[in-house]
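Enquirer: Data file target14.cif (mmCIF, C-alpha atoms) is appended below.
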data_entry
loop_
_atom_site.label_atom_id
_atom_site.label_comp_id
_atom_site.auth_asym_id
_atom_site.auth_seq_id
_atom_site.Cartn_x
_atom_site.Cartn_y
_atom_site.Cartn_z
CA MET A 1 33.34 39.40 -33.12
CA LYS A 2 29.81 40.77 -33.35
CA ILE A 3 27.15 38.19 -32.66
CA ALA A 4 23.38 38.12 -32.28
CA VAL A 5 21.94 35.37 -30.12
CA LYS A 6 18.26 34.91 -29.42
CA VAL A 7 17.94 33.99 -25.76
CA ASN A 8 14.51 33.21 -24.31
CA GLY A 9 12.92 35.11 -27.19
CA SER A 10 15.01 38.29 -26.92
CA THR A 11 17.91 39.01 -29.24
CA TYR A 12 21.19 40.00 -27.61
CA GLN A 13 23.68 41.71 -29.92
CA ARG A 14 27.14 41.87 -28.44
CA ASP A 15 30.75 42.19 -29.49
CA VAL A 16 32.54 39.27 -27.84
CA GLU A 17 35.94 37.65 -27.93
CA SER A 18 35.82 34.40 -29.86
CA ARG A 19 37.06 32.55 -26.77
CA THR A 20 34.10 33.66 -24.64
CA LEU A 21 32.23 30.58 -23.52
CA LEU A 22 28.46 30.52 -23.90
CA ALA A 23 27.94 30.09 -20.15
CA TYR A 24 29.80 33.34 -19.42
CA PHE A 25 28.09 35.14 -22.30
CA LEU A 26 24.72 34.24 -20.79
CA ARG A 27 25.72 35.18 -17.27
CA GLU A 28 27.81 38.28 -17.85
CA GLU A 29 26.57 39.74 -21.14
CA CYS A 30 22.90 38.80 -20.91
CA GLY A 31 22.70 38.98 -17.11
CA LEU A 32 21.02 35.58 -17.02
CA THR A 33 22.67 34.07 -13.99
CA GLY A 34 20.28 31.12 -13.78
CA THR A 35 22.78 29.18 -15.88
CA HIS A 36 25.23 27.95 -13.27
CA VAL A 37 28.83 26.99 -13.77
CA GLY A 38 29.63 24.03 -11.57
CA CYS A 39 32.74 22.13 -12.57
CA ASP A 40 33.85 24.27 -15.50
CA THR A 41 35.11 21.07 -17.14
CA SER A 42 31.94 19.75 -18.82
CA SER A 43 31.48 17.05 -16.21
CA CYS A 44 28.63 18.21 -13.98
CA GLY A 45 25.81 19.46 -16.23
CA CYS A 46 24.92 22.54 -14.13
CA CYS A 47 25.33 24.80 -17.17
CA VAL A 48 23.03 22.90 -19.54
CA VAL A 49 20.90 25.09 -21.80
CA VAL A 50 18.71 24.18 -24.77
CA MET A 51 19.69 25.21 -28.30
CA ASP A 52 17.30 25.48 -31.24
CA GLY A 53 14.39 23.99 -29.34
CA ASP A 54 15.52 20.48 -28.46
CA GLN A 55 19.29 20.14 -28.20
CA ALA A 56 20.70 20.15 -24.67
CA VAL A 57 24.20 21.63 -24.62
CA LYS A 58 26.72 22.29 -21.88
CA ALA A 59 27.20 26.04 -22.07
CA CYS A 60 30.69 25.75 -20.58
CA THR A 61 31.77 23.64 -23.54
CA MET A 62 30.58 25.83 -26.38
CA PHE A 63 31.78 29.23 -27.54
CA ALA A 64 29.32 32.11 -27.63
CA VAL A 65 30.29 32.76 -31.27
CA GLN A 66 28.93 29.31 -32.11
CA ALA A 67 25.52 30.46 -30.88
CA ASP A 68 25.46 33.38 -33.33
CA GLY A 69 22.11 33.21 -35.14
CA ARG A 70 20.88 30.37 -32.95
CA GLU A 71 18.14 30.24 -30.32
CA ILE A 72 19.09 29.52 -26.74
CA MET A 73 16.69 28.75 -23.93
CA THR A 74 17.87 29.07 -20.36
CA VAL A 75 16.10 28.26 -17.11
CA GLU A 76 14.77 31.84 -17.10
CA GLY A 77 12.83 30.98 -20.26
CA LEU A 78 10.83 28.14 -18.77
CA ALA A 79 8.13 29.99 -16.82
CA THR A 80 5.55 32.08 -18.67
CA ASN A 81 4.09 35.16 -17.01
CA GLY A 82 4.95 33.86 -13.58
CA THR A 83 3.43 30.42 -14.15
CA LEU A 84 5.93 27.70 -13.57
CA HIS A 85 6.68 25.29 -16.39
CA PRO A 86 5.38 21.77 -15.60
CA LEU A 87 8.98 20.66 -15.02
CA GLN A 88 9.55 23.47 -12.53
CA GLN A 89 6.24 22.65 -10.87
CA GLY A 90 7.34 19.03 -10.67
CA PHE A 91 10.58 19.99 -8.95
CA TRP A 92 8.59 22.19 -6.56
CA ASP A 93 5.94 19.56 -5.76
CA GLN A 94 8.31 16.61 -5.49
CA HIS A 95 11.02 18.49 -3.60
CA GLY A 96 13.46 17.84 -6.43
CA LEU A 97 16.11 20.13 -5.04
CA GLN A 98 17.87 21.05 -1.86
CA CYS A 99 20.66 23.55 -2.47
CA GLY A 100 19.42 24.21 -6.00
CA TYR A 101 22.79 24.57 -7.66
CA CYS A 102 22.29 21.74 -10.15
CA THR A 103 18.62 22.52 -10.72
CA PRO A 104 18.85 24.77 -13.82
CA GLY A 105 20.91 22.11 -15.59
CA MET A 106 18.56 19.36 -14.43
CA LEU A 107 15.57 21.31 -15.72
CA MET A 108 17.08 22.09 -19.12
CA ALA A 109 18.43 18.56 -19.66
CA SER A 110 14.97 17.24 -18.71
CA TYR A 111 13.32 19.71 -21.10
CA ALA A 112 15.36 18.37 -24.03
CA LEU A 113 14.78 14.79 -22.86
CA LEU A 114 10.99 15.24 -22.90
CA LYS A 115 11.14 16.89 -26.34
CA HIS A 116 12.61 13.67 -27.73
CA ASN A 117 10.84 11.23 -25.43
CA PRO A 118 7.58 12.69 -24.05
CA LYS A 119 6.71 9.49 -22.18
CA PRO A 120 9.97 8.34 -20.65
CA SER A 121 10.21 5.37 -18.33
CA GLU A 122 11.94 5.82 -15.00
CA ALA A 123 15.00 4.16 -16.53
CA ASP A 124 14.89 6.59 -19.49
CA ILE A 125 14.87 9.53 -17.08
CA ARG A 126 17.74 8.15 -15.02
CA GLU A 127 19.74 7.49 -18.16
CA GLY A 128 18.84 10.83 -19.69
CA LEU A 129 20.02 12.73 -16.64
CA ALA A 130 23.16 10.66 -16.13
CA GLY A 131 25.31 13.61 -17.21
CA ASN A 132 23.90 15.89 -14.51
CA LEU A 133 25.34 15.64 -11.03
CA CYS A 134 23.39 16.42 -7.86
CA ARG A 135 25.15 16.14 -4.52
CA CYS A 136 22.07 16.71 -2.34
CA THR A 137 19.02 14.76 -3.34
CA GLY A 138 20.17 11.28 -4.21
CA TYR A 139 18.21 11.86 -7.45
CA GLN A 140 15.02 10.14 -6.25
CA ASN A 141 12.92 13.27 -6.14
CA ILE A 142 14.44 14.67 -9.31
CA VAL A 143 13.28 11.56 -11.14
CA LYS A 144 9.82 11.89 -9.57
CA ALA A 145 9.69 15.54 -10.63
CA VAL A 146 10.38 14.70 -14.25
CA GLN A 147 7.86 11.85 -14.10
CA GLN A 148 5.24 14.26 -12.81
CA ALA A 149 5.89 16.67 -15.68
CA ALA A 150 5.80 13.87 -18.23
CA GLU A 151 2.57 12.44 -16.82
CA GLY A 152 1.03 15.89 -17.07
CA GLY A 153 1.76 15.63 -20.77
CA GLN A 154 3.28 19.06 -20.88
CA GLY A 155 6.94 18.28 -20.95
CA MET B 1 39.83 28.26 -17.28
CA ILE B 2 39.51 30.54 -20.26
CA PRO B 3 41.04 29.30 -23.52
CA ALA B 4 43.83 31.21 -25.27
CA ALA B 5 42.61 33.68 -27.89
CA PHE B 6 42.00 32.37 -31.39
CA GLU B 7 40.53 33.48 -34.68
CA TYR B 8 37.08 32.02 -35.32
CA LEU B 9 36.07 31.18 -38.88
CA ARG B 10 32.69 29.73 -39.73
CA ALA B 11 32.48 27.57 -42.84
CA HIS B 12 29.22 27.03 -44.72
CA SER B 13 30.43 24.36 -47.13
CA PRO B 14 33.12 21.66 -47.17
CA ASP B 15 34.93 23.70 -49.85
CA GLU B 16 35.02 26.77 -47.64
CA ALA B 17 36.22 24.78 -44.63
CA PHE B 18 38.90 23.11 -46.72
CA ALA B 19 40.08 26.49 -48.10
CA HIS B 20 40.44 27.86 -44.54
CA LEU B 21 42.36 24.77 -43.46
CA GLN B 22 44.66 24.93 -46.48
CA LYS B 23 45.36 28.59 -45.81
CA HIS B 24 46.10 28.25 -42.11
CA GLY B 25 47.73 24.79 -42.12
CA PRO B 26 49.11 23.69 -38.74
CA GLU B 27 47.66 26.77 -36.98
CA ALA B 28 44.08 25.65 -37.61
CA ARG B 29 41.83 23.05 -36.05
CA VAL B 30 38.39 21.92 -37.13
CA LEU B 31 35.65 22.67 -34.58
CA ALA B 32 32.87 20.06 -34.86
CA GLY B 33 31.17 19.06 -31.60
CA GLY B 34 34.09 20.48 -29.64
CA GLN B 35 33.39 18.21 -26.68
CA SER B 36 37.03 17.17 -26.46
CA LEU B 37 38.68 20.15 -28.16
CA ILE B 38 37.08 22.87 -26.05
CA PRO B 39 37.98 21.24 -22.70
CA ALA B 40 41.52 20.75 -24.05
CA MET B 41 41.63 24.44 -24.99
CA ARG B 42 40.33 25.40 -21.57
CA PHE B 43 43.17 23.49 -19.93
CA ARG B 44 45.53 25.10 -22.49
CA LEU B 45 46.50 21.64 -23.65
CA ALA B 46 45.46 22.84 -27.11
CA ARG B 47 46.09 26.37 -28.35
CA PRO B 48 45.01 26.53 -31.98
CA ALA B 49 45.38 30.01 -33.49
CA VAL B 50 42.42 29.42 -35.78
CA LEU B 51 39.23 27.40 -35.34
CA VAL B 52 37.25 26.46 -38.43
CA ASP B 53 33.69 25.85 -37.24
CA ILE B 54 31.97 23.30 -39.49
CA ASN B 55 28.71 23.14 -37.54
CA SER B 56 26.86 25.21 -40.15
CA ILE B 57 27.64 22.74 -42.95
CA SER B 58 24.28 21.01 -42.84
CA ASP B 59 25.38 18.82 -45.78
CA LEU B 60 27.64 16.98 -43.34
CA ALA B 61 24.97 16.24 -40.72
CA TYR B 62 23.80 12.99 -42.31
CA VAL B 63 23.59 9.46 -40.94
CA ARG B 64 22.62 7.12 -43.77
CA THR B 65 23.23 3.68 -45.16
CA ASP B 66 24.16 3.53 -48.81
CA GLY B 67 23.90 -0.25 -49.18
CA LYS B 68 27.58 -0.86 -48.55
CA ALA B 69 28.13 1.14 -45.40
CA LEU B 70 26.64 3.23 -42.66
CA ALA B 71 27.94 6.69 -43.53
CA VAL B 72 28.21 9.26 -40.75
CA GLY B 73 28.88 12.85 -41.77
CA ALA B 74 31.38 15.04 -39.95
CA ILE B 75 28.81 16.91 -37.88
CA ALA B 76 26.36 14.06 -37.24
CA ARG B 77 25.92 13.92 -33.47
CA ASP B 78 26.29 10.82 -31.38
CA SER B 79 22.63 11.24 -30.43
CA ALA B 80 21.63 10.90 -34.10
CA ILE B 81 23.07 7.38 -34.04
CA GLU B 82 21.45 6.63 -30.68
CA ARG B 83 18.06 7.68 -32.07
CA ALA B 84 18.41 6.14 -35.54
CA PRO B 85 15.38 4.04 -36.56
CA TRP B 86 17.54 0.98 -37.37
CA ILE B 87 19.57 1.09 -34.17
CA GLY B 88 17.67 -1.84 -32.64
CA GLU B 89 18.60 -4.23 -35.49
CA ARG B 90 20.83 -7.07 -34.35
CA ARG B 91 23.46 -6.46 -37.01
CA TRP B 92 24.08 -3.00 -35.57
CA SER B 93 24.29 -4.14 -31.95
CA LEU B 94 27.91 -3.00 -31.53
CA ILE B 95 26.99 0.49 -32.77
CA HIS B 96 23.86 0.39 -30.59
CA ASP B 97 25.81 -0.44 -27.47
CA VAL B 98 28.52 2.16 -27.96
CA SER B 99 26.06 4.92 -28.86
CA ARG B 100 24.59 4.66 -25.36
CA VAL B 101 27.82 4.88 -23.39
CA VAL B 102 29.87 7.56 -25.14
CA ALA B 103 30.46 10.40 -22.66
CA ASP B 104 27.07 11.38 -21.17
CA PRO B 105 23.64 11.99 -22.73
CA VAL B 106 24.06 15.77 -22.97
CA VAL B 107 27.56 15.58 -24.46
CA ARG B 108 26.22 13.07 -27.01
CA GLN B 109 23.79 15.69 -28.31
CA THR B 110 26.76 17.81 -29.43
CA GLY B 111 29.70 15.43 -29.77
CA THR B 112 30.31 13.77 -33.12
CA VAL B 113 31.49 10.34 -34.24
CA VAL B 114 33.96 11.73 -36.77
CA GLY B 115 35.31 14.20 -34.24
CA SER B 116 35.88 11.41 -31.74
CA LEU B 117 37.81 9.40 -34.34
CA CYS B 118 39.89 12.45 -35.28
CA HIS B 119 40.62 13.26 -31.64
CA ASN B 120 41.89 9.67 -31.20
CA ASP B 121 41.93 9.70 -27.44
CA PRO B 122 43.59 6.53 -26.09
CA ALA B 123 40.39 5.87 -24.12
CA GLY B 124 37.90 6.87 -26.82
CA ASP B 125 34.90 4.67 -27.55
CA TRP B 126 34.41 5.15 -31.29
CA THR B 127 38.01 4.27 -32.14
CA ALA B 128 37.82 0.74 -30.70
CA THR B 129 34.35 0.37 -32.21
CA ALA B 130 35.59 1.35 -35.65
CA LEU B 131 38.40 -1.20 -35.39
CA ALA B 132 36.02 -4.02 -34.47
CA ALA B 133 33.56 -2.98 -37.19
CA ARG B 134 36.37 -2.47 -39.74
CA GLY B 135 35.38 1.09 -40.38
CA GLU B 136 36.93 3.68 -42.66
CA VAL B 137 37.27 7.44 -42.67
CA VAL B 138 36.87 9.64 -45.74
CA VAL B 139 39.52 12.36 -45.69
CA ARG B 140 39.71 15.37 -47.94
CA GLY B 141 43.21 16.41 -48.92
CA LYS B 142 44.88 18.45 -51.61
CA GLY B 143 44.63 15.65 -54.14
CA GLY B 144 40.91 15.09 -53.53
CA THR B 145 39.19 12.71 -51.14
CA ARG B 146 40.58 9.35 -50.06
CA THR B 147 39.17 6.58 -47.91
CA VAL B 148 41.43 5.40 -45.11
CA ALA B 149 40.99 2.07 -43.31
CA ILE B 150 40.66 2.67 -39.58
CA ASP B 151 43.82 0.66 -38.81
CA ASP B 152 45.81 3.15 -40.90
CA PHE B 153 43.80 6.13 -39.70
CA LEU B 154 44.67 5.70 -36.01
CA VAL B 155 48.37 6.59 -35.96
CA ASP B 156 49.17 7.35 -32.33
CA SER B 157 47.64 9.07 -29.31
CA PHE B 158 45.76 12.14 -30.56
CA THR B 159 47.30 11.60 -34.01
CA THR B 160 45.54 10.36 -37.13
CA ALA B 161 46.08 10.10 -40.88
CA VAL B 162 44.48 13.53 -41.26
CA SER B 163 47.43 15.80 -42.11
CA GLU B 164 47.78 19.54 -41.78
CA GLY B 165 45.31 21.36 -43.96
CA GLU B 166 43.13 18.28 -44.39
CA MET B 167 39.75 17.38 -42.92
CA ALA B 168 37.77 14.22 -42.25
CA LEU B 169 34.39 14.27 -43.98
CA GLU B 170 32.78 10.96 -43.11
CA ALA B 171 33.10 7.80 -41.04
CA ARG B 172 32.02 4.55 -42.70
CA PHE B 173 30.98 1.32 -41.05
CA PRO B 174 30.40 -1.59 -43.49
CA VAL B 175 26.82 -2.91 -43.35
CA PRO B 176 27.12 -6.29 -41.61
CA ASP B 177 25.15 -9.26 -42.93
CA ASP B 178 22.20 -10.47 -40.91
CA ARG B 179 24.15 -13.23 -39.15
CA THR B 180 26.16 -10.55 -37.38
CA ALA B 181 26.00 -9.21 -33.84
CA GLY B 182 28.34 -7.25 -31.66
CA SER B 183 28.78 -5.88 -28.19
CA TYR B 184 30.48 -2.96 -26.52
CA GLN B 185 31.64 -3.48 -22.96
CA LYS B 186 32.87 -0.52 -20.97
CA VAL B 187 33.81 -0.09 -17.35
CA GLU B 188 33.84 3.51 -16.18
CA ARG B 189 33.92 5.00 -12.69
CA LYS B 190 30.95 7.24 -13.45
CA VAL B 191 28.90 8.16 -16.49
CA GLY B 192 30.94 10.49 -18.65
CA ASP B 193 34.31 9.37 -17.38
CA PHE B 194 36.86 7.88 -19.70
CA ALA B 195 36.87 4.10 -19.82
CA THR B 196 38.90 2.26 -17.22
CA ALA B 197 38.87 -0.41 -19.89
CA ALA B 198 36.57 -1.13 -22.83
CA ALA B 199 36.17 -3.81 -25.46
CA ALA B 200 34.40 -3.76 -28.82
CA VAL B 201 33.54 -6.99 -30.58
CA GLN B 202 31.62 -7.89 -33.71
CA VAL B 203 31.01 -11.47 -34.87
CA SER B 204 29.64 -12.74 -38.21
CA LEU B 205 28.68 -16.40 -38.52
CA ASN B 206 28.56 -18.72 -41.51
CA LYS B 207 25.37 -20.69 -42.19
CA ASN B 208 26.97 -23.73 -40.57
CA GLY B 209 27.56 -21.80 -37.36
CA THR B 210 31.30 -21.30 -37.70
CA ILE B 211 32.75 -17.81 -37.34
CA ARG B 212 33.13 -16.17 -40.74
CA SER B 213 34.72 -12.98 -39.48
CA VAL B 214 35.27 -11.30 -36.16
CA GLY B 215 36.53 -7.96 -34.92
CA VAL B 216 37.99 -7.56 -31.44
CA ALA B 217 39.41 -4.26 -30.21
CA LEU B 218 40.30 -2.59 -26.94
CA SER B 219 40.21 0.97 -25.71
CA ALA B 220 42.28 2.39 -22.83
CA ALA B 221 44.80 -0.33 -23.58
CA GLY B 222 47.66 1.53 -25.21
CA ALA B 223 48.65 4.68 -27.09
CA CYS B 224 45.42 4.40 -29.04
CA ALA B 225 42.71 1.77 -29.52
CA VAL B 226 44.18 -1.59 -30.47
CA ARG B 227 43.01 -4.54 -32.51
CA VAL B 228 43.48 -7.89 -30.78
CA ASP B 229 44.77 -9.70 -33.88
CA GLU B 230 45.50 -12.87 -31.96
CA ALA B 231 41.91 -13.18 -30.71
CA GLU B 232 40.58 -12.61 -34.24
CA ARG B 233 42.97 -15.26 -35.62
CA LEU B 234 41.96 -17.78 -32.96
CA LEU B 235 38.25 -17.35 -33.57
CA THR B 236 38.02 -17.05 -37.36
CA GLY B 237 36.76 -20.19 -39.06
CA GLN B 238 36.04 -21.93 -35.77
CA LYS B 239 32.85 -23.11 -34.14
CA PRO B 240 32.26 -20.87 -31.10
CA SER B 241 33.08 -22.52 -27.79
CA ALA B 242 33.70 -21.51 -24.20
CA ASP B 243 37.34 -22.57 -24.57
CA LEU B 244 37.81 -20.32 -27.60
CA VAL B 245 36.25 -17.38 -25.80
CA ARG B 246 38.63 -17.97 -22.88
CA ALA B 247 41.57 -18.08 -25.27
CA ALA B 248 40.46 -14.85 -26.96
CA SER B 249 40.05 -13.27 -23.55
CA ALA B 250 43.60 -14.29 -22.60
CA ALA B 251 44.90 -12.87 -25.89
CA ALA B 252 43.24 -9.54 -25.08
CA GLU B 253 44.76 -9.48 -21.63
CA THR B 254 48.19 -10.06 -23.15
CA ARG B 255 47.68 -7.47 -25.88
CA SER B 256 46.51 -4.72 -23.52
CA GLU B 257 49.24 -2.21 -22.61
CA PRO B 258 47.41 0.23 -20.35
CA GLN B 259 48.82 2.99 -18.20
CA ALA B 260 48.29 3.00 -14.46
CA ASP B 261 46.26 5.95 -13.20
CA LEU B 262 43.54 6.77 -10.66
CA ARG B 263 41.25 4.35 -12.47
CA GLY B 264 43.44 1.33 -11.75
CA SER B 265 46.78 -0.41 -11.94
CA VAL B 266 48.27 -1.93 -15.07
CA GLU B 267 47.58 -5.40 -13.70
CA TYR B 268 43.92 -4.59 -13.02
CA LYS B 269 43.33 -2.95 -16.39
CA LYS B 270 44.94 -5.82 -18.29
CA HIS B 271 42.78 -8.30 -16.42
CA LEU B 272 39.71 -6.18 -17.08
CA ALA B 273 40.47 -6.03 -20.82
CA GLY B 274 40.41 -9.81 -20.93
CA VAL B 275 37.21 -10.03 -18.91
CA LEU B 276 35.46 -7.47 -21.12
CA VAL B 277 36.44 -9.21 -24.36
CA GLY B 278 35.05 -12.45 -22.89
CA ARG B 279 31.80 -10.75 -21.90
CA GLY B 280 31.54 -9.02 -25.26
CA LEU B 281 32.02 -12.23 -27.24
CA ARG B 282 29.52 -14.07 -25.05
CA GLN B 283 26.94 -11.34 -25.49
CA ALA B 284 27.46 -11.10 -29.25
CA LEU B 285 27.13 -14.88 -29.59
CA GLU B 286 24.08 -14.91 -27.34
CA ARG B 287 22.51 -12.29 -29.60
CA LEU B 288 23.14 -14.70 -32.47
CA GLY B 289 21.38 -17.48 -30.57
CA VAL B 290 24.60 -19.34 -29.76
CA LYS B 291 24.72 -20.90 -26.32
CA LEU B 292 28.19 -21.74 -25.02
#
Please express the file's structure as structure tokens.
Expert:
Amino acid sequence: MKIAVKVNGSTYQRDVESRTLLAYFLREECGLTGTHVGCDTSSCGCCVVVMDGDQAVKACTMFAVQADGREIMTVEGLATNGTLHPLQQGFWDQHGLQCGYCTPGMLMASYALLKHNPKPSEADIREGLAGNLCRCTGYQNIVKAVQQAAEGGQG
Amino acid sequence: MIPAAFEYLRAHSPDEAFAHLQKHGPEARVLAGGQSLIPAMRFRLARPAVLVDINSISDLAYVRTDGKALAVGAIARDSAIERAPWIGERRWSLIHDVSRVVADPVVRQTGTVVGSLCHNDPAGDWTATALAARGEVVVRGKGGTRTVAIDDFLVDSFTTAVSEGEMALEARFPVPDDRTAGSYQKVERKVGDFATAAAAVQVSLNKNGTIRSVGVALSAAGACAVRVDEAERLLTGQKPSADLVRAASAAAETRSEPQADLRGSVEYKKHLAGVLVGRGLRQALERLGVKL
């Protein structure tokens, strides 16, 4: 099936099988390997991307054909002209990652969270990221990173 | 894993979706949020030949109250309930509670209430909630639309009153009066896991403080969510008391018929069902200002 998906502002027209999952479309067809596949069973949140501006979705649990005509934002779309997005800067400053595998999903889930709740409490952040697993950090610095971005008012 | 190949059809109206489903019958499945269906397809537990994607039918994205009921359209996301402006009202406290514990926060942005009811997982959250709230589902069939009480809708594990070629359009939860409160109690190993056990309760009081009506239901306690009739019978018409809550709790423990798995033994899950019904009733009553 022929689809056209706008990813990070660029339109990708591809002919894909209907069973192609969005995560693999992004990685293999668009070459955007920032979207990680962790568990492959919609449990870990590594593959989270943002659809149509404010909806966080697990790209391993959505077909690419469903994204036809929609706008997808991946972790590669966060920085502008080499300037980190406030969330990325927060993760950098607060040491919100160690191995980095969960980080793209953390960033994109946080992006959608701040779109709906620009001034989240610590509890809101912990709840909002409850579907994203990190096996390194113990989450403390991830929460601080999101708090930093929110306090900067540029979530 | 990669799902088996299927034909993808995108519907732009309920009529178009219904026509696809009528044409393809048992071969076709509706794709709404897909948060249960797609994982099932990935494990090859489901191999539909045709998927009818209803996500472009914006007419079915509503969450609204029409005086009689809270009506939730077939593609309204769980997160739309969670963020609804009325969600903090006491009368909706059961819906409030469940909307915050279904799956995880990202899945809730895509998963749907109607889809969850249609999936009818034995450990689903919305099924038990709909039983306690005495919900209904609007189903479109060949003869037009019909409204099915949730007790008749939930037939067996992963089986509902929606027949081949039919589709569910809307879930309906009657608007409770203002002397109503509820509670949803769920124990899960981690956020996003299926419930080890869960209980949904909703209590409406008379002016004199006696219980006018009550809904008590369990999830992860049988082939599909179950109503604890005995607990409802014990409580209805009575003045709430600690003894009654204990009796209702015991009835839930008896009614629960869970399966042993990694989450716990049958004995543990039955005990937990009773404990959660007790907690739920206490919280609902506390929300109504009743001290036991």
Enquirer: Identify all residues satisfying the PyMOL selection byres ((chain A and resi 74) around 10) in the given file; provide them as a list in words.
Expert: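 On this input, the PyMOL selection byres ((chain A and resi 74) around 10) captures Val7, Asn8, Leu26, Leu32, Thr33, Gly34, Thr35, Cys47, Val48, Val49, Val50, Met51, Ala59, Ile72, Met73, Val75, Glu76, Gly77, Leu78, Pro104, Gly105, Leu107 and Met108 of chain A.
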Enquirer: Which residues are close to A:Tyr101, i.e. within 9 Å by all atoms listed in the file, leaving aside same-chain residues fewer than 2 positions away? Reply as a list in words.
Expert: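 These residues fall inside the cut-off: His36, Val37, Gly38, Cys46, Leu97, Gln98, Cys99, Thr103, Pro104, Gly105 and Cys134 of chain A.
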Enquirer: What does the distance from atom CA of B:Phe158 to atom CA of A:Gln55 come to in Å, to one decimal?
Expert: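 Those two atoms sit 27.8 Å apart.
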Enquirer: Using all atoms listed in the file, what table do you get, as a tab-separated table, when you list each residue of chain A with an atom no more than 6 Å from chain B, its nearest pair of atoms, and their distance in Å rounded to one decimal, rows by chain then rising number?
Expert:
residue	atom	partner	partner_atom	distance
A:Arg19	CA	B:Ala5	CA	5.8
A:Ala56	CA	B:Val106	CA	5.8
A:Thr61	CA	B:Ile38	CA	5.9
A:Gly128	CA	B:Pro105	CA	5.8
A:Gly131	CA	B:Asp104	CA	4.9
Enquirer: For this file, the PyMOL selection byres ((chain A and resi 126) around 12) selects which residues, as JSON, numbers by chain?
Expert: {"A": [106, 109, 110, 113, 120, 121, 122, 123, 124, 125, 127, 128, 129, 130, 131, 132, 133, 138, 139, 140, 141, 142, 143, 144, 145, 146, 147], "B": [104, 105, 191]}
Enquirer: Any idea what the distance is between atom CA of B:Leu234 and atom CA of B:Ala260?
Expert: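 We find that atom CA of B:Leu234 and atom CA of B:Ala260 lie 28.5 Å from each other.
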Enquirer: Could you jot down the atom CA of B:Ser99 to atom CA of B:Asp78 separation for me, Å, one decimal place?
Expert: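 About the pair atom CA of B:Ser99 and atom CA of B:Asp78: they are 6.4 Å apart.
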